[in-house]
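Peer 1: entry.pdb (PDB, C-alpha atoms, pLDDT in the B column) pasted underneath:
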```pdb
ATOM      1  CA  MET A   1      17.861  35.495  10.083  1.00 38.00           C
ATOM      2  CA  GLU A   2      15.290  33.961   7.777  1.00 45.00           C
ATOM      3  CA  ASN A   3      12.998  32.947  10.650  1.00 46.00           C
ATOM      4  CA  ILE A   4      12.777  36.550  11.748  1.00 40.00           C
ATOM      5  CA  LYS A   5      12.061  37.633   8.189  1.00 45.00           C
ATOM      6  CA  ILE A   6       9.208  35.109   7.953  1.00 54.00           C
ATOM      7  CA  LYS A   7       7.681  36.613  11.072  1.00 59.00           C
ATOM      8  CA  LYS A   8       7.805  40.005   9.397  1.00 57.00           C
ATOM      9  CA  ILE A   9       5.825  38.730   6.393  1.00 62.00           C
ATOM     10  CA  PRO A  10       2.268  40.095   6.434  1.00 65.00           C
ATOM     11  CA  ILE A  11      -0.007  37.602   8.170  1.00 64.00           C
ATOM     12  CA  ASN A  12      -2.173  37.001   5.090  1.00 60.00           C
ATOM     13  CA  ASP A  13       0.914  35.994   3.065  1.00 67.00           C
ATOM     14  CA  ARG A  14       2.168  33.361   5.523  1.00 79.00           C
ATOM     15  CA  PRO A  15       1.730  29.684   4.506  1.00 82.00           C
ATOM     16  CA  ARG A  16      -0.853  28.766   7.142  1.00 85.00           C
ATOM     17  CA  GLU A  17      -2.959  31.836   6.497  1.00 87.00           C
ATOM     18  CA  ARG A  18      -2.767  31.340   2.728  1.00 84.00           C
ATOM     19  CA  LEU A  19      -3.820  27.722   3.162  1.00 87.00           C
ATOM     20  CA  ILE A  20      -6.827  28.810   5.220  1.00 90.00           C
ATOM     21  CA  ASN A  21      -7.801  31.631   2.887  1.00 86.00           C
ATOM     22  CA  TYR A  22      -6.983  30.155  -0.519  1.00 85.00           C
ATOM     23  CA  GLY A  23      -6.655  26.392   0.001  1.00 87.00           C
ATOM     24  CA  ALA A  24      -3.692  23.997   0.075  1.00 86.00           C
ATOM     25  CA  LYS A  25      -3.320  24.140  -3.722  1.00 84.00           C
ATOM     26  CA  SER A  26      -2.080  27.737  -3.452  1.00 86.00           C
ATOM     27  CA  LEU A  27       1.081  26.583  -1.619  1.00 86.00           C
ATOM     28  CA  ASN A  28       4.223  25.149  -3.168  1.00 91.00           C
ATOM     29  CA  ASN A  29       5.831  21.921  -1.972  1.00 91.00           C
ATOM     30  CA  GLU A  30       8.277  23.617   0.409  1.00 89.00           C
ATOM     31  CA  GLU A  31       5.478  25.583   2.061  1.00 90.00           C
ATOM     32  CA  LEU A  32       3.314  22.497   2.560  1.00 91.00           C
ATOM     33  CA  LEU A  33       6.209  20.614   4.133  1.00 92.00           C
ATOM     34  CA  ALA A  34       7.050  23.658   6.271  1.00 90.00           C
ATOM     35  CA  ILE A  35       3.538  23.600   7.729  1.00 91.00           C
ATOM     36  CA  LEU A  36       3.920  19.933   8.635  1.00 91.00           C
ATOM     37  CA  LEU A  37       7.343  20.505  10.208  1.00 91.00           C
ATOM     38  CA  ASN A  38       5.861  23.432  12.180  1.00 87.00           C
ATOM     39  CA  SER A  39       9.172  25.055  13.148  1.00 87.00           C
ATOM     40  CA  GLY A  40      12.824  25.285  12.315  1.00 86.00           C
ATOM     41  CA  THR A  41      15.821  25.339  14.623  1.00 87.00           C
ATOM     42  CA  LYS A  42      17.740  28.214  16.133  1.00 84.00           C
ATOM     43  CA  ASN A  43      19.898  28.564  13.037  1.00 86.00           C
ATOM     44  CA  ILE A  44      17.834  26.922  10.294  1.00 89.00           C
ATOM     45  CA  SER A  45      14.435  28.136   9.141  1.00 87.00           C
ATOM     46  CA  VAL A  46      11.577  25.700   8.677  1.00 87.00           C
ATOM     47  CA  LYS A  47      11.478  26.557   4.967  1.00 87.00           C
ATOM     48  CA  THR A  48      15.149  25.612   4.627  1.00 90.00           C
ATOM     49  CA  LEU A  49      14.463  22.301   6.361  1.00 92.00           C
ATOM     50  CA  ALA A  50      11.639  21.605   3.923  1.00 92.00           C
ATOM     51  CA  THR A  51      13.907  22.417   0.981  1.00 92.00           C
ATOM     52  CA  SER A  52      16.589  20.085   2.379  1.00 94.00           C
ATOM     53  CA  ILE A  53      14.114  17.208   2.576  1.00 94.00           C
ATOM     54  CA  LEU A  54      12.984  17.672  -1.017  1.00 93.00           C
ATOM     55  CA  SER A  55      16.587  17.963  -2.156  1.00 93.00           C
ATOM     56  CA  LYS A  56      17.535  14.765  -0.316  1.00 92.00           C
ATOM     57  CA  ALA A  57      14.633  12.932  -1.956  1.00 91.00           C
ATOM     58  CA  GLY A  58      15.351  14.306  -5.423  1.00 91.00           C
ATOM     59  CA  GLY A  59      11.912  15.915  -5.719  1.00 89.00           C
ATOM     60  CA  ILE A  60       8.432  15.533  -4.275  1.00 88.00           C
ATOM     61  CA  ASN A  61       7.709  12.504  -6.485  1.00 84.00           C
ATOM     62  CA  LYS A  62      10.527  10.569  -4.770  1.00 88.00           C
ATOM     63  CA  ILE A  63       9.890  11.597  -1.181  1.00 91.00           C
ATOM     64  CA  ASN A  64       8.356   8.174  -0.512  1.00 87.00           C
ATOM     65  CA  THR A  65      11.810   6.624  -0.993  1.00 89.00           C
ATOM     66  CA  LEU A  66      13.235   8.351   2.083  1.00 91.00           C
ATOM     67  CA  THR A  67      13.915   6.190   5.130  1.00 92.00           C
ATOM     68  CA  TYR A  68      14.312   7.066   8.795  1.00 93.00           C
ATOM     69  CA  TYR A  69      18.092   7.041   8.402  1.00 92.00           C
ATOM     70  CA  ASP A  70      17.974   9.297   5.317  1.00 93.00           C
ATOM     71  CA  LEU A  71      15.931  11.902   7.170  1.00 94.00           C
ATOM     72  CA  ILE A  72      17.721  11.813  10.509  1.00 93.00           C
ATOM     73  CA  LYS A  73      20.992  12.703   8.759  1.00 93.00           C
ATOM     74  CA  ILE A  74      19.594  16.023   7.530  1.00 94.00           C
ATOM     75  CA  LYS A  75      20.838  18.856   9.724  1.00 93.00           C
ATOM     76  CA  GLY A  76      17.994  20.219  11.797  1.00 92.00           C
ATOM     77  CA  ILE A  77      15.718  17.185  11.309  1.00 94.00           C
ATOM     78  CA  GLY A  78      15.391  15.339  14.604  1.00 92.00           C
ATOM     79  CA  LYS A  79      13.388  12.282  15.590  1.00 94.00           C
ATOM     80  CA  VAL A  80      10.059  14.136  15.861  1.00 94.00           C
ATOM     81  CA  LYS A  81      10.246  15.732  12.424  1.00 94.00           C
ATOM     82  CA  THR A  82      11.506  12.482  10.925  1.00 94.00           C
ATOM     83  CA  CYS A  83       8.482  10.636  12.325  1.00 94.00           C
ATOM     84  CA  ILE A  84       6.145  13.327  10.958  1.00 93.00           C
ATOM     85  CA  ILE A  85       7.529  12.927   7.432  1.00 93.00           C
ATOM     86  CA  LEU A  86       7.457   9.122   7.583  1.00 93.00           C
ATOM     87  CA  ALA A  87       3.867   9.239   8.832  1.00 92.00           C
ATOM     88  CA  LEU A  88       2.981  11.525   5.913  1.00 90.00           C
ATOM     89  CA  ILE A  89       4.595   9.076   3.456  1.00 89.00           C
ATOM     90  CA  GLU A  90       2.692   6.112   4.909  1.00 87.00           C
ATOM     91  CA  LEU A  91      -0.638   7.974   4.957  1.00 87.00           C
ATOM     92  CA  SER A  92      -0.122   8.938   1.318  1.00 84.00           C
ATOM     93  CA  ARG A  93       0.605   5.310   0.446  1.00 76.00           C
ATOM     94  CA  ARG A  94      -2.581   4.150   2.161  1.00 73.00           C
ATOM     95  CA  ILE A  95      -4.677   6.829   0.482  1.00 73.00           C
ATOM     96  CA  ASN A  96      -3.318   5.768  -2.897  1.00 68.00           C
ATOM     97  CA  MET A  97      -4.188   2.153  -2.087  1.00 61.00           C
ATOM     98  CA  GLN A  98      -7.788   3.153  -1.556  1.00 57.00           C
ATOM     99  CA  ILE A  99      -7.900   5.186  -4.762  1.00 51.00           C
ATOM    100  CA  GLU A 100      -6.338   2.422  -6.861  1.00 56.00           C
ATOM    101  CA  THR A 101      -8.960  -0.243  -6.305  1.00 60.00           C
ATOM    102  CA  ILE A 102      -8.853  -3.837  -7.436  1.00 62.00           C
ATOM    103  CA  ASP A 103     -11.473  -3.327 -10.134  1.00 60.00           C
ATOM    104  CA  LYS A 104      -8.897  -1.315 -12.109  1.00 58.00           C
ATOM    105  CA  ILE A 105      -7.123  -4.538 -13.063  1.00 62.00           C
ATOM    106  CA  LYS A 106      -8.315  -4.776 -16.654  1.00 57.00           C
ATOM    107  CA  LEU A 107      -7.184  -8.320 -17.392  1.00 58.00           C
ATOM    108  CA  VAL A 108      -7.363 -11.130 -14.885  1.00 72.00           C
ATOM    109  CA  ASN A 109      -4.026 -12.862 -15.240  1.00 87.00           C
ATOM    110  CA  PRO A 110      -1.305 -13.709 -12.698  1.00 91.00           C
ATOM    111  CA  GLU A 111       1.112 -10.979 -13.799  1.00 91.00           C
ATOM    112  CA  ASN A 112      -1.484  -8.203 -13.501  1.00 87.00           C
ATOM    113  CA  VAL A 113      -2.620  -9.465 -10.113  1.00 87.00           C
ATOM    114  CA  PHE A 114       1.017  -9.598  -8.982  1.00 90.00           C
ATOM    115  CA  ASN A 115       1.683  -6.042 -10.187  1.00 86.00           C
ATOM    116  CA  PHE A 116      -1.358  -4.796  -8.281  1.00 83.00           C
ATOM    117  CA  TYR A 117      -0.541  -6.512  -4.992  1.00 84.00           C
ATOM    118  CA  LYS A 118       3.272  -6.515  -4.789  1.00 82.00           C
ATOM    119  CA  ASP A 119       3.439  -3.047  -3.194  1.00 77.00           C
ATOM    120  CA  LYS A 120       0.200  -3.349  -1.254  1.00 78.00           C
ATOM    121  CA  ILE A 121       0.606  -6.510   0.782  1.00 81.00           C
ATOM    122  CA  ASP A 122       2.545  -6.278   4.057  1.00 79.00           C
ATOM    123  CA  LYS A 123       6.280  -6.907   3.637  1.00 78.00           C
ATOM    124  CA  TYR A 124       6.718  -8.497   7.050  1.00 81.00           C
ATOM    125  CA  GLN A 125       3.575 -10.553   7.665  1.00 85.00           C
ATOM    126  CA  GLU A 126       1.630 -12.992   5.531  1.00 88.00           C
ATOM    127  CA  GLN A 127      -1.757 -11.812   4.303  1.00 90.00           C
ATOM    128  CA  PHE A 128      -4.337 -13.886   2.452  1.00 92.00           C
ATOM    129  CA  PHE A 129      -6.754 -12.182   0.026  1.00 92.00           C
ATOM    130  CA  SER A 130      -9.595 -13.426  -2.131  1.00 94.00           C
ATOM    131  CA  ILE A 131     -10.560 -11.684  -5.367  1.00 93.00           C
ATOM    132  CA  TYR A 132     -14.172 -12.221  -6.420  1.00 94.00           C
ATOM    133  CA  LEU A 133     -15.392 -12.220 -10.018  1.00 92.00           C
ATOM    134  CA  ASP A 134     -18.790 -12.348 -11.694  1.00 91.00           C
ATOM    135  CA  ALA A 135     -19.964 -14.762 -14.385  1.00 90.00           C
ATOM    136  CA  LYS A 136     -18.080 -12.769 -17.058  1.00 87.00           C
ATOM    137  CA  LYS A 137     -14.896 -12.906 -14.986  1.00 88.00           C
ATOM    138  CA  CYS A 138     -15.080  -9.186 -14.223  1.00 86.00           C
ATOM    139  CA  ILE A 139     -13.706  -8.311 -10.792  1.00 87.00           C
ATOM    140  CA  ILE A 140     -16.369  -7.456  -8.215  1.00 88.00           C
ATOM    141  CA  ASN A 141     -14.255  -6.915  -5.121  1.00 89.00           C
ATOM    142  CA  ASP A 142     -11.398  -8.244  -3.037  1.00 90.00           C
ATOM    143  CA  LYS A 143     -11.219  -9.001   0.672  1.00 90.00           C
ATOM    144  CA  LEU A 144      -8.497  -9.611   3.237  1.00 89.00           C
ATOM    145  CA  ILE A 145      -9.398 -13.030   4.642  1.00 89.00           C
ATOM    146  CA  PHE A 146      -6.547 -13.888   6.966  1.00 85.00           C
ATOM    147  CA  ILE A 147      -3.375 -12.413   8.491  1.00 84.00           C
ATOM    148  CA  GLY A 148      -0.576 -14.703   9.636  1.00 74.00           C
ATOM    149  CA  THR A 149       1.171 -17.857   8.460  1.00 66.00           C
ATOM    150  CA  VAL A 150      -0.998 -19.662   5.923  1.00 60.00           C
ATOM    151  CA  ASN A 151      -2.020 -22.962   7.475  1.00 58.00           C
ATOM    152  CA  HIS A 152      -4.619 -25.354   6.112  1.00 48.00           C
ATOM    153  CA  SER A 153      -6.257 -25.545   9.542  1.00 47.00           C
ATOM    154  CA  LEU A 154      -6.546 -21.749   9.866  1.00 64.00           C
ATOM    155  CA  VAL A 155      -7.542 -20.581   6.378  1.00 73.00           C
ATOM    156  CA  HIS A 156     -11.047 -22.006   6.310  1.00 81.00           C
ATOM    157  CA  PRO A 157     -13.020 -22.131   3.042  1.00 88.00           C
ATOM    158  CA  ARG A 158     -16.168 -20.857   4.810  1.00 89.00           C
ATOM    159  CA  ASP A 159     -14.515 -17.457   5.318  1.00 89.00           C
ATOM    160  CA  ILE A 160     -13.677 -17.276   1.631  1.00 93.00           C
ATOM    161  CA  PHE A 161     -16.989 -18.504   0.281  1.00 95.00           C
ATOM    162  CA  LYS A 162     -19.172 -16.535   2.698  1.00 93.00           C
ATOM    163  CA  GLU A 163     -18.058 -13.354   0.953  1.00 91.00           C
ATOM    164  CA  ALA A 164     -18.469 -15.026  -2.433  1.00 94.00           C
ATOM    165  CA  TYR A 165     -22.123 -15.798  -1.672  1.00 94.00           C
ATOM    166  CA  GLU A 166     -22.793 -12.250  -0.496  1.00 92.00           C
ATOM    167  CA  LEU A 167     -21.268 -10.821  -3.669  1.00 93.00           C
ATOM    168  CA  ASN A 168     -22.974 -13.388  -5.886  1.00 94.00           C
ATOM    169  CA  ALA A 169     -19.551 -14.288  -7.291  1.00 95.00           C
ATOM    170  CA  SER A 170     -19.018 -17.027  -9.851  1.00 95.00           C
ATOM    171  CA  TYR A 171     -15.234 -17.242  -9.677  1.00 95.00           C
ATOM    172  CA  LEU A 172     -12.451 -16.398  -7.258  1.00 95.00           C
ATOM    173  CA  ILE A 173      -8.700 -15.930  -7.176  1.00 95.00           C
ATOM    174  CA  CYS A 174      -6.748 -16.431  -3.970  1.00 95.00           C
ATOM    175  CA  ILE A 175      -3.545 -14.538  -3.305  1.00 94.00           C
ATOM    176  CA  HIS A 176      -1.131 -14.394  -0.405  1.00 92.00           C
ATOM    177  CA  ASN A 177       2.417 -13.220   0.169  1.00 92.00           C
ATOM    178  CA  HIS A 178       5.651 -14.796   1.318  1.00 92.00           C
ATOM    179  CA  PRO A 179       7.651 -12.076   3.134  1.00 90.00           C
ATOM    180  CA  SER A 180      10.761 -14.250   2.831  1.00 90.00           C
ATOM    181  CA  GLY A 181      10.793 -13.592  -0.912  1.00 91.00           C
ATOM    182  CA  ASP A 182      10.653 -17.289  -1.766  1.00 95.00           C
ATOM    183  CA  VAL A 183       7.372 -17.727  -3.639  1.00 95.00           C
ATOM    184  CA  ARG A 184       7.553 -21.504  -3.958  1.00 96.00           C
ATOM    185  CA  PRO A 185       4.424 -23.048  -2.397  1.00 95.00           C
ATOM    186  CA  SER A 186       4.753 -24.807   0.930  1.00 93.00           C
ATOM    187  CA  GLU A 187       2.943 -28.040   1.746  1.00 93.00           C
ATOM    188  CA  ASP A 188       0.328 -25.981   3.605  1.00 90.00           C
ATOM    189  CA  ASP A 189      -0.100 -23.723   0.559  1.00 92.00           C
ATOM    190  CA  ILE A 190      -0.768 -26.793  -1.558  1.00 94.00           C
ATOM    191  CA  ARG A 191      -3.253 -28.238   0.946  1.00 92.00           C
ATOM    192  CA  VAL A 192      -5.089 -24.921   1.314  1.00 92.00           C
ATOM    193  CA  THR A 193      -5.374 -24.607  -2.449  1.00 95.00           C
ATOM    194  CA  LYS A 194      -6.702 -28.140  -2.792  1.00 95.00           C
ATOM    195  CA  ARG A 195      -9.374 -27.568  -0.118  1.00 93.00           C
ATOM    196  CA  ILE A 196     -10.539 -24.289  -1.669  1.00 95.00           C
ATOM    197  CA  LYS A 197     -10.725 -25.866  -5.124  1.00 96.00           C
ATOM    198  CA  GLU A 198     -12.743 -28.812  -3.833  1.00 96.00           C
ATOM    199  CA  VAL A 199     -15.255 -26.549  -2.076  1.00 95.00           C
ATOM    200  CA  GLY A 200     -15.428 -24.339  -5.153  1.00 96.00           C
ATOM    201  CA  ASP A 201     -16.199 -27.309  -7.375  1.00 95.00           C
ATOM    202  CA  LEU A 202     -19.004 -28.348  -5.015  1.00 95.00           C
ATOM    203  CA  THR A 203     -20.537 -24.881  -4.705  1.00 94.00           C
ATOM    204  CA  GLY A 204     -20.136 -23.817  -8.323  1.00 95.00           C
ATOM    205  CA  ILE A 205     -17.786 -20.936  -7.432  1.00 96.00           C
ATOM    206  CA  LYS A 206     -14.683 -21.978  -9.310  1.00 96.00           C
ATOM    207  CA  LEU A 207     -11.165 -21.235  -8.061  1.00 96.00           C
ATOM    208  CA  ILE A 208      -9.328 -19.753 -11.054  1.00 95.00           C
ATOM    209  CA  ASP A 209      -5.901 -19.406  -9.461  1.00 96.00           C
ATOM    210  CA  HIS A 210      -3.948 -19.165  -6.232  1.00 96.00           C
ATOM    211  CA  ILE A 211      -1.056 -16.727  -6.544  1.00 96.00           C
ATOM    212  CA  ILE A 212       1.840 -16.374  -4.109  1.00 95.00           C
ATOM    213  CA  VAL A 213       3.665 -13.039  -4.295  1.00 94.00           C
ATOM    214  CA  SER A 214       6.745 -11.336  -2.955  1.00 91.00           C
ATOM    215  CA  GLU A 215       8.062  -7.860  -3.743  1.00 86.00           C
ATOM    216  CA  LYS A 216       9.803  -9.081  -6.879  1.00 89.00           C
ATOM    217  CA  ASN A 217       8.223 -12.330  -8.016  1.00 93.00           C
ATOM    218  CA  TYR A 218       5.140 -14.519  -8.000  1.00 96.00           C
ATOM    219  CA  TYR A 219       4.054 -18.121  -8.280  1.00 97.00           C
ATOM    220  CA  SER A 220       0.804 -19.055 -10.005  1.00 97.00           C
ATOM    221  CA  PHE A 221      -0.781 -22.442  -9.356  1.00 97.00           C
ATOM    222  CA  LEU A 222      -2.642 -22.039 -12.666  1.00 95.00           C
ATOM    223  CA  GLU A 223       0.482 -21.288 -14.715  1.00 95.00           C
ATOM    224  CA  ASN A 224       2.231 -24.251 -13.114  1.00 95.00           C
ATOM    225  CA  GLY A 225      -0.611 -26.629 -13.933  1.00 94.00           C
ATOM    226  CA  ARG A 226      -1.613 -27.230 -10.320  1.00 92.00           C
ATOM    227  CA  ILE A 227      -5.253 -26.117 -10.652  1.00 89.00           C
TER     228      ILE A 227
END
```
Translate this file's structure into structure tokens.
Peer 2:
Amino acid sequence: MENIKIKKIPINDRPRERLINYGAKSLNNEELLAILLNSGTKNISVKTLATSILSKAGGINKINTLTYYDLIKIKGIGKVKTCIILALIELSRRINMQIETIDKIKLVNPENVFNFYKDKIDKYQEQFFSIYLDAKKCIINDKLIFIGTVNHSLVHPRDIFKEAYELNASYLICIHNHPSGDVRPSEDDIRVTKRIKEVGDLTGIKLIDHIIVSEKNYYSFLENGRI
């Protein structure tokens, strides 16, 4: 059996030992997945399980498309191994979010902001972000201001503008998501936008836009002439 053959491989040639001695880059995709899976089953080697996962995904670049139900159907992949792979996918997504920072948006326009945030904002819960810009409208930073249903009594301008003062921002863009997929602004969205604009006009930190996003679409208050 293949598992027995793996045990007969010289210690220094086994995946874990090679990783320790030569680094993770010395291992191929199957070997890296095999280390994460830790073990195979009685009849299926861990390397075969790793190969099955990559085959199911259609390659390492598509492994993030696999769902719990895709993985659990693979022979030899139980709940524990499925959770390990899904945790790996989510960790990779979060690492990529940190690497791809907001300042990489070259042009500040609603479509670019939408493209940056559509895969980064939670799909199941509303999140409210502010993007801060300097006097030349170059992005300084962004900040998660609020989590939950956007309500004019809960999203307070002081939370938004406190960060603006600390960053010495001259402009800001507000963005939040509608998990329902319907990006049309609610009455609360309209009231929140009005309050932020009024405070911005008083403080000299102008609100450029308020953008509502879903996975597939966006609504810009600026593009619709409401700012």
Peer 1: Using all atoms listed in the file, find the one residue out of A:Glu126, A:Glu198, A:Asp189, A:Asp182 that sits nearest to Phe161 (chain A).
Peer 2: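 Smallest separation from Phe161 (chain A) among the options: A:Glu198.
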Peer 1: For Leu144 (chain A), which of A:Ser55, A:Ser180, A:Ser130, A:Asn168 is the closest residue, counting only C-alpha atoms?
Peer 2: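 Among the listed residues, the smallest separation from Leu144 (chain A) belongs to A:Ser130.
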Peer 1: Report as JSON, numbers by chain the residues that result from applying the PyMOL selection byres ((chain A and resi 164) around 12) to the structure here.
Peer 2: {"A": [130, 131, 132, 133, 134, 139, 140, 141, 142, 143, 145, 157, 158, 159, 160, 161, 162, 163, 165, 166, 167, 168, 169, 170, 171, 172, 173, 174, 199, 200, 203, 204, 205, 206, 207]}
Peer 1: Select, from A:Cys83, A:Lys56, A:Asp201, A:Ala50, the residue with the minimum atom-to-atom distance to Asp70 (chain A), counting all atoms listed in the file.
Peer 2: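 Of all the options, A:Lys56 lies closest to Asp70 (chain A).
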Peer 1: Would you pick out the contacts of Ile63 (chain A) at 8 Å or less, using all atoms listed in the file, so that residues sharing its chain but fewer than 5 positions from it are not included, and give the list as a list in words?
Peer 2: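 Returned residues: Ile53, Leu54, Ala57, Gly58 and Ile89 of chain A.
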Peer 1: Show me, as a short mmCIF file (atom, residue, chain, number, x, y, z; two decimals) with C-alpha atoms, in the frame of the given file, the residues that have an atom within 10 Å of Thr82 (chain A) when counting all atoms listed in the file, minus same-chain residues fewer than 4 positions from it.
Peer 2:
```cif
data_model
loop_
_atom_site.label_atom_id
_atom_site.label_comp_id
_atom_site.auth_asym_id
_atom_site.auth_seq_id
_atom_site.Cartn_x
_atom_site.Cartn_y
_atom_site.Cartn_z
CA LEU A 37 7.34 20.50 10.21
CA ILE A 53 14.11 17.21 2.58
CA LEU A 66 13.24 8.35 2.08
CA THR A 67 13.92 6.19 5.13
CA TYR A 68 14.31 7.07 8.80
CA TYR A 69 18.09 7.04 8.40
CA ASP A 70 17.97 9.30 5.32
CA LEU A 71 15.93 11.90 7.17
CA ILE A 72 17.72 11.81 10.51
CA LYS A 73 20.99 12.70 8.76
CA ILE A 74 19.59 16.02 7.53
CA ILE A 77 15.72 17.18 11.31
CA GLY A 78 15.39 15.34 14.60
CA LEU A 86 7.46 9.12 7.58
CA ALA A 87 3.87 9.24 8.83
CA LEU A 88 2.98 11.52 5.91
#
```
Peer 1: From the set A:Leu222, A:Ile121, A:Val80, A:Leu32, which residue has the shortest atom-to-atom contact distance to Ile60 (chain A), counting all atoms listed in the file?
Peer 2: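 Distance minimum relative to Ile60 (chain A) lands on A:Leu32.
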Peer 1: Just want the 7 Å neighbourhood of Ile212 (chain A), counted on all atoms listed in the file, with same-chain residues fewer than 6 positions away dropped. Output as a VMD selection string.
Peer 2: chain A and resid 175 to 178 183 218 to 220
Peer 1: Which is closer to Asn61 (chain A) than all the others in A:Ile20, A:Lys42, A:Asn29, A:Val113, using all atoms listed in the file?
Peer 2: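 Counting all atoms listed in the file, the residue closest to Asn61 (chain A) is A:Asn29.
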Peer 1: Using all atoms of region 194-211 of chain A listed in the file and a margin of 4 Å per side, can you give the axis-aligned box centre and edge lengths in Å to one decimal, as lines of an AutoDock Vina configuration file?
Peer 2:
```
center_x = -10.8
center_y = -22.8
center_z = -5.6
size_x = 27.5
size_y = 20.1
size_z = 18.9
```
Peer 1: Report, in Å with one decimal, the straight-line distance from CA of Ile211 (chain A) to CA of Glu90 (chain A).
Peer 2: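 Rounded to one decimal, the two atoms are 25.8 Å apart.
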Peer 1: Where does the PyMOL selection byres ((chain A and resi 114) around 9) land in this file, that is, which residues does it pick, as a list in words?
Peer 2: Asn109, Pro110, Glu111, Asn112, Val113, Asn115, Phe116, Tyr117, Lys118, Ile175, Ile211, Ile212, Val213, Ser214, Glu215, Asn217 and Tyr218 of chain A
Peer 1: To one decimal place in Å, what is the distance between CA of Asp122 (chain A) and CA of Gly148 (chain A)?
Peer 2: 10.6 Å
Peer 1: Go ahead and compute the interatomic distance for CA of Thr41 (chain A) and CA of Ile84 (chain A), in Å to one decimal.
Peer 2: 15.9 Å
Peer 1: Identify which of the residues A:Arg226, A:Lys120, A:Arg94, A:Lys75 lies closest to Ile190 (chain A), counting all atoms listed in the file when measuring atom-to-atom distances.
Peer 2: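 Closest to Ile190 (chain A) of all the choices is A:Arg226.
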Peer 1: So that I can check the surroundings of Ser39 (chain A), please list as a list in words every protein, DNA and RNA residue that reaches within 12 Å of it, counting all atoms listed in the file and ignoring chain neighbours fewer than 2 positions away.
Peer 2: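 Selected residues are Asn3, Ile6, Lys7, Glu31, Leu33, Ala34, Ile35, Leu36, Leu37, Thr41, Lys42, Asn43, Ile44, Ser45, Val46, Lys47, Thr48, Leu49, Ala50, Gly76, Ile77, Gly78, Val80 and Lys81 of chain A.
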